[in-house]
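Below you'll find the structure, written out as structure tokens, and then a few comments.
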Amino acid sequence: MTAADWTLVTVTYNSGSTLRRCWTDSQIGDARWLVVDNASEDDSIAVAQSLGAEVIARPTNDGFGVANNAGLAAVRTPWVMFVNPDVTIPSPAGLDLLARTARAHDALVAPQLLNSDGSEQFNGRGLPTPLAKLAHRGVRAPWTDPGAYARAGFDGPTYVAWAIGAAVGGSTQVLRELGGWDERYFIYYEDHDLGLRSWAAGHPVVLDPSVGWLHEWQRATTRFRISPWRHELRSAWVFYRAHPRLLSLGRARRDPALRILDERLWRSVP
């Protein structure tokens, strides 16, 4: 397996300056880079093309999931990785390692995302119950454990419930069998949903720390702005209606697929 066996799908929306900072025309080797632009008003398309990407220019911004699926439909390689514009891939060699991990475990796979100083981000996540998410946001209660939801510091490939959508991928065939990304989510929670659907279909989600990619992590809901929080709350409503057992951890653990996930969560992949 080589980088030529991969297609990288990147969704842009007014991302021209981010692409200039984070991408070069040589960092991905022979991989195909496909940029799906969500009706940007800046020079995102021109910048992507100057860096060697093929561009699908969408006339409207219908969200992250819709754009990712447009990219997935155009993939012709056996492997696909969805990569945000604010991620820097230092070398194409990591793609071969990720493909080996995904193939060995019939899994979706994610690299370890890093901050600019080399410290690890918590892109591997646990079961997204409301209490776990609140604990991660700093809401403390006797029955919550922040470490149960987001972790880093793995010694080798490790089972996670889901990986943040900034960088996650796997077999093109598997992702198509899963139905791609759920287009009901304009933004936020679509990566939670993808991970849980993958586990339910018998494909675990694995984070491989042997591959480290830089990520600027420009999440808008870390500060108060009405529009991002409106999207967050709407997506949360869609997500918990689709996965109601997560509203009670006891009920979640009685679900066969979620029980298997819970038993393997945070364990090293054999």
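Chain labels A, B, ... are given in the sequence in which chains occur in the structure tokens; within each chain residues are numbered consecutively from 1, and ligands are likewise numbered from 1 in the order shown.
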
Excluding Gly153 in chain A and any residue of its chain fewer than 5 positions from it, enumerate the residues within 10 Å of it, using only C-alpha atoms, and give them as a PyMOL selection string. chain A and resi 112+119-122+209

Filtered DSSP result for range 74-231 of chain A, state helix (DSSP H, G or I), as number ranges by chain
A: 93-105, 130-136, 146-148, 172-177, 190-200, 220-222, 226-231

Generate a file of the selected residues that holds C-alpha atoms, formatted as an mmCIF file, in the first residue's frame.
```cif
data_model
loop_
_atom_site.group_PDB
_atom_site.id
_atom_site.type_symbol
_atom_site.label_atom_id
_atom_site.label_comp_id
_atom_site.auth_asym_id
_atom_site.auth_seq_id
_atom_site.Cartn_x
_atom_site.Cartn_y
_atom_site.Cartn_z
ATOM 1 C CA ALA A 93 4.269 7.726 4.953
ATOM 2 C CA GLY A 94 1.590 7.954 7.628
ATOM 3 C CA LEU A 95 -1.077 6.971 5.131
ATOM 4 C CA ASP A 96 0.525 3.563 4.620
ATOM 5 C CA LEU A 97 0.614 2.982 8.383
ATOM 6 C CA LEU A 98 -3.028 3.982 8.746
ATOM 7 C CA ALA A 99 -4.063 1.661 5.921
ATOM 8 C CA ARG A 100 -2.242 -1.235 7.577
ATOM 9 C CA THR A 101 -4.011 -0.570 10.875
ATOM 10 C CA ALA A 102 -7.413 -0.234 9.223
ATOM 11 C CA ARG A 103 -6.956 -3.399 7.176
ATOM 12 C CA ALA A 104 -5.640 -5.473 10.083
ATOM 13 C CA HIS A 105 -8.670 -4.675 12.230
ATOM 14 C CA PRO A 130 -24.721 13.813 27.836
ATOM 15 C CA LEU A 131 -23.064 13.480 31.254
ATOM 16 C CA ALA A 132 -19.724 12.571 29.701
ATOM 17 C CA LYS A 133 -19.899 15.528 27.362
ATOM 18 C CA LEU A 134 -20.824 17.902 30.180
ATOM 19 C CA ALA A 135 -17.935 16.618 32.288
ATOM 20 C CA HIS A 136 -15.592 17.242 29.365
ATOM 21 C CA PRO A 146 -13.863 13.672 32.509
ATOM 22 C CA GLY A 147 -11.247 11.073 31.635
ATOM 23 C CA ALA A 148 -13.916 8.657 30.473
ATOM 24 C CA THR A 172 -13.747 3.310 0.777
ATOM 25 C CA GLN A 173 -15.944 0.226 0.491
ATOM 26 C CA VAL A 174 -16.667 0.191 4.235
ATOM 27 C CA LEU A 175 -17.506 3.885 4.324
ATOM 28 C CA ARG A 176 -19.867 3.471 1.400
ATOM 29 C CA GLU A 177 -21.494 0.450 3.038
ATOM 30 C CA GLU A 190 -21.710 13.818 12.493
ATOM 31 C CA ASP A 191 -18.393 12.302 13.597
ATOM 32 C CA HIS A 192 -20.003 10.888 16.789
ATOM 33 C CA ASP A 193 -22.679 9.300 14.624
ATOM 34 C CA LEU A 194 -20.234 7.877 12.074
ATOM 35 C CA GLY A 195 -18.197 6.177 14.794
ATOM 36 C CA LEU A 196 -21.189 4.592 16.494
ATOM 37 C CA ARG A 197 -22.656 3.384 13.191
ATOM 38 C CA SER A 198 -19.289 1.882 12.300
ATOM 39 C CA TRP A 199 -19.107 -0.038 15.595
ATOM 40 C CA ALA A 200 -22.706 -1.221 15.131
ATOM 41 C CA ALA A 220 -16.214 27.768 17.267
ATOM 42 C CA THR A 221 -18.213 26.575 20.296
ATOM 43 C CA THR A 222 -15.313 27.023 22.702
ATOM 44 C CA ILE A 226 -24.978 32.321 18.618
ATOM 45 C CA SER A 227 -24.669 30.669 15.194
ATOM 46 C CA PRO A 228 -22.245 27.836 16.143
ATOM 47 C CA TRP A 229 -24.206 27.053 19.294
ATOM 48 C CA ARG A 230 -27.451 26.955 17.315
ATOM 49 C CA HIS A 231 -25.863 24.335 15.034
#
```

Thr88 in chain A proximity check over A:Val160, A:Ala3, A:Ala74, A:Cys22, using only C-alpha atoms: winner is A:Cys22

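Shortest atom-to-atom contact with Arg151 in chain A among A:Arg264, A:Arg58, A:Arg21, A:Arg125: A:Arg125, counting only C-alpha atoms.
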
How would you write, as a VMD selection string, the set of residues in range 13-262 of chain A that DSSP gives as strand (DSSP E or B)?
chain A and resid 32 to 38 54 to 58 79 to 83 87 to 88 108 to 114 120 124 to 125 150 to 151 158 to 160 162 to 163 167 to 171 205 to 215

Could you write out that same residue set with N, CA and C atoms as a compact mmCIF listing (two decimals), in the first residue's frame?
```txt
# COMPACT_ATOMS: atom_id res chain seq x y z
N ARG A 32 -4.31 11.24 -3.96
CA ARG A 32 -5.21 12.16 -4.64
C ARG A 32 -5.84 13.08 -3.58
N TRP A 33 -5.86 14.36 -3.84
CA TRP A 33 -6.45 15.32 -2.91
C TRP A 33 -7.67 15.95 -3.56
N LEU A 34 -8.80 15.74 -2.95
CA LEU A 34 -10.07 16.22 -3.49
C LEU A 34 -10.67 17.23 -2.52
N VAL A 35 -10.79 18.46 -2.94
CA VAL A 35 -11.37 19.52 -2.12
C VAL A 35 -12.81 19.75 -2.56
N VAL A 36 -13.73 19.68 -1.61
CA VAL A 36 -15.14 19.97 -1.88
C VAL A 36 -15.44 21.33 -1.25
N ASP A 37 -15.69 22.30 -2.10
CA ASP A 37 -15.88 23.66 -1.60
C ASP A 37 -17.36 23.98 -1.44
N ASN A 38 -17.72 24.46 -0.24
CA ASN A 38 -19.11 24.76 0.08
C ASN A 38 -19.46 26.23 -0.20
N GLU A 54 -7.81 18.58 -6.72
CA GLU A 54 -8.98 18.62 -7.60
C GLU A 54 -10.12 19.21 -6.79
N VAL A 55 -10.94 20.02 -7.41
CA VAL A 55 -11.98 20.74 -6.68
C VAL A 55 -13.37 20.39 -7.21
N ILE A 56 -14.26 20.07 -6.28
CA ILE A 56 -15.69 20.00 -6.56
C ILE A 56 -16.29 21.27 -5.97
N ALA A 57 -16.78 22.15 -6.82
CA ALA A 57 -17.32 23.43 -6.36
C ALA A 57 -18.84 23.31 -6.22
N ARG A 58 -19.31 23.32 -5.00
CA ARG A 58 -20.74 23.23 -4.75
C ARG A 58 -21.37 24.62 -4.82
N TRP A 79 -8.80 3.49 -0.40
CA TRP A 79 -8.77 4.11 0.92
C TRP A 79 -9.12 5.58 0.81
N VAL A 80 -9.83 6.08 1.81
CA VAL A 80 -10.21 7.50 1.83
C VAL A 80 -10.03 8.05 3.24
N MET A 81 -9.49 9.26 3.30
CA MET A 81 -9.32 9.94 4.58
C MET A 81 -9.98 11.32 4.47
N PHE A 82 -10.86 11.62 5.42
CA PHE A 82 -11.48 12.94 5.48
C PHE A 82 -10.59 13.81 6.36
N VAL A 83 -10.08 14.90 5.80
CA VAL A 83 -9.08 15.73 6.47
C VAL A 83 -9.49 17.19 6.39
N VAL A 87 -5.60 20.90 9.08
CA VAL A 87 -4.71 19.78 9.44
C VAL A 87 -3.49 19.81 8.51
N THR A 88 -2.32 19.60 9.09
CA THR A 88 -1.09 19.49 8.31
C THR A 88 -0.58 18.06 8.38
N LEU A 108 -12.39 1.70 10.99
CA LEU A 108 -12.10 3.09 10.68
C LEU A 108 -10.89 3.48 11.52
N VAL A 109 -10.12 4.42 11.01
CA VAL A 109 -8.86 4.74 11.66
C VAL A 109 -8.63 6.24 11.67
N ALA A 110 -7.91 6.70 12.70
CA ALA A 110 -7.57 8.11 12.82
C ALA A 110 -6.13 8.23 13.28
N PRO A 111 -5.41 9.27 12.84
CA PRO A 111 -4.10 9.55 13.38
C PRO A 111 -4.22 10.24 14.74
N GLN A 112 -3.12 10.37 15.43
CA GLN A 112 -3.09 11.20 16.63
C GLN A 112 -2.90 12.65 16.20
N LEU A 113 -3.84 13.51 16.54
CA LEU A 113 -3.72 14.92 16.20
C LEU A 113 -2.89 15.64 17.26
N LEU A 114 -2.10 16.61 16.80
CA LEU A 114 -1.13 17.29 17.64
C LEU A 114 -1.32 18.80 17.59
N GLU A 120 -0.29 16.34 22.47
CA GLU A 120 -1.37 15.57 21.85
C GLU A 120 -2.74 16.18 22.13
N GLY A 124 -9.35 11.20 20.19
CA GLY A 124 -10.00 9.93 20.44
C GLY A 124 -11.02 10.10 21.55
N ARG A 125 -12.25 9.66 21.31
CA ARG A 125 -13.34 9.94 22.25
C ARG A 125 -14.05 8.67 22.70
N ALA A 150 -12.51 11.71 26.87
CA ALA A 150 -11.47 12.15 25.94
C ALA A 150 -10.11 11.83 26.53
N ARG A 151 -9.29 11.12 25.74
CA ARG A 151 -7.98 10.71 26.24
C ARG A 151 -6.93 10.86 25.15
N THR A 158 -5.37 1.99 19.51
CA THR A 158 -6.29 1.89 20.65
C THR A 158 -7.72 2.07 20.18
N TYR A 159 -8.62 1.26 20.75
CA TYR A 159 -10.03 1.40 20.42
C TYR A 159 -10.60 2.69 21.03
N VAL A 160 -11.33 3.44 20.22
CA VAL A 160 -12.06 4.62 20.68
C VAL A 160 -13.50 4.49 20.18
N TRP A 162 -15.27 6.99 18.92
CA TRP A 162 -15.29 7.76 17.68
C TRP A 162 -14.09 8.69 17.68
N ALA A 163 -13.73 9.18 16.52
CA ALA A 163 -12.63 10.12 16.39
C ALA A 163 -13.16 11.39 15.77
N ALA A 167 -9.91 14.37 11.10
CA ALA A 167 -9.09 13.38 10.39
C ALA A 167 -9.57 11.99 10.76
N VAL A 168 -10.31 11.37 9.87
CA VAL A 168 -10.79 10.01 10.10
C VAL A 168 -11.06 9.38 8.73
N GLY A 169 -10.80 8.10 8.61
CA GLY A 169 -11.01 7.46 7.31
C GLY A 169 -10.93 5.95 7.41
N GLY A 170 -10.73 5.34 6.26
CA GLY A 170 -10.66 3.89 6.21
C GLY A 170 -10.93 3.39 4.82
N SER A 171 -11.40 2.16 4.74
CA SER A 171 -11.72 1.55 3.46
C SER A 171 -12.87 2.30 2.78
N VAL A 205 -13.48 1.52 15.70
CA VAL A 205 -12.76 2.75 15.38
C VAL A 205 -11.47 2.72 16.18
N VAL A 206 -10.35 2.93 15.49
CA VAL A 206 -9.03 2.78 16.11
C VAL A 206 -8.22 4.06 15.89
N LEU A 207 -7.63 4.56 16.96
CA LEU A 207 -6.69 5.67 16.86
C LEU A 207 -5.28 5.11 16.88
N ASP A 208 -4.47 5.50 15.89
CA ASP A 208 -3.10 4.99 15.78
C ASP A 208 -2.11 6.11 16.08
N PRO A 209 -1.49 6.09 17.28
CA PRO A 209 -0.60 7.18 17.67
C PRO A 209 0.75 7.16 16.97
N SER A 210 1.02 6.13 16.17
CA SER A 210 2.29 6.12 15.42
C SER A 210 2.27 7.14 14.29
N VAL A 211 1.08 7.67 13.99
CA VAL A 211 0.93 8.70 12.95
C VAL A 211 0.45 9.98 13.63
N GLY A 212 1.25 11.03 13.55
CA GLY A 212 0.89 12.29 14.18
C GLY A 212 0.75 13.41 13.16
N TRP A 213 -0.42 14.04 13.15
CA TRP A 213 -0.67 15.15 12.23
C TRP A 213 -1.02 16.40 13.04
N LEU A 214 -0.53 17.55 12.62
CA LEU A 214 -0.81 18.81 13.29
C LEU A 214 -2.23 19.28 12.99
N HIS A 215 -2.86 19.86 13.98
CA HIS A 215 -4.25 20.32 13.82
C HIS A 215 -4.43 21.62 14.57
```

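Between CA of Asn84 in chain A and CA of Thr2 in chain A lies a distance of 21.1 Å.
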
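Take the candidates A:Ala107, A:Ala236, A:Ala166, A:Leu51 and check each one against Val9 in chain A using only C-alpha atoms; the shortest distance goes to A:Ala166.
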
Nearby residues (only C-alpha atoms) at most 12 Å from Gly52 in chain A, same-chain spacing under 6 positions excluded, as an MDAnalysis selection string:
chainID A and resid 8 19 23:35 45:46

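From CA of Asn68 in chain A back to CA of Asp255 in chain A, the distance works out to 28.9 Å.
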
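A straight line drawn from CA of Ser248 in chain A to CA of Leu261 in chain A is 15.4 Å long.
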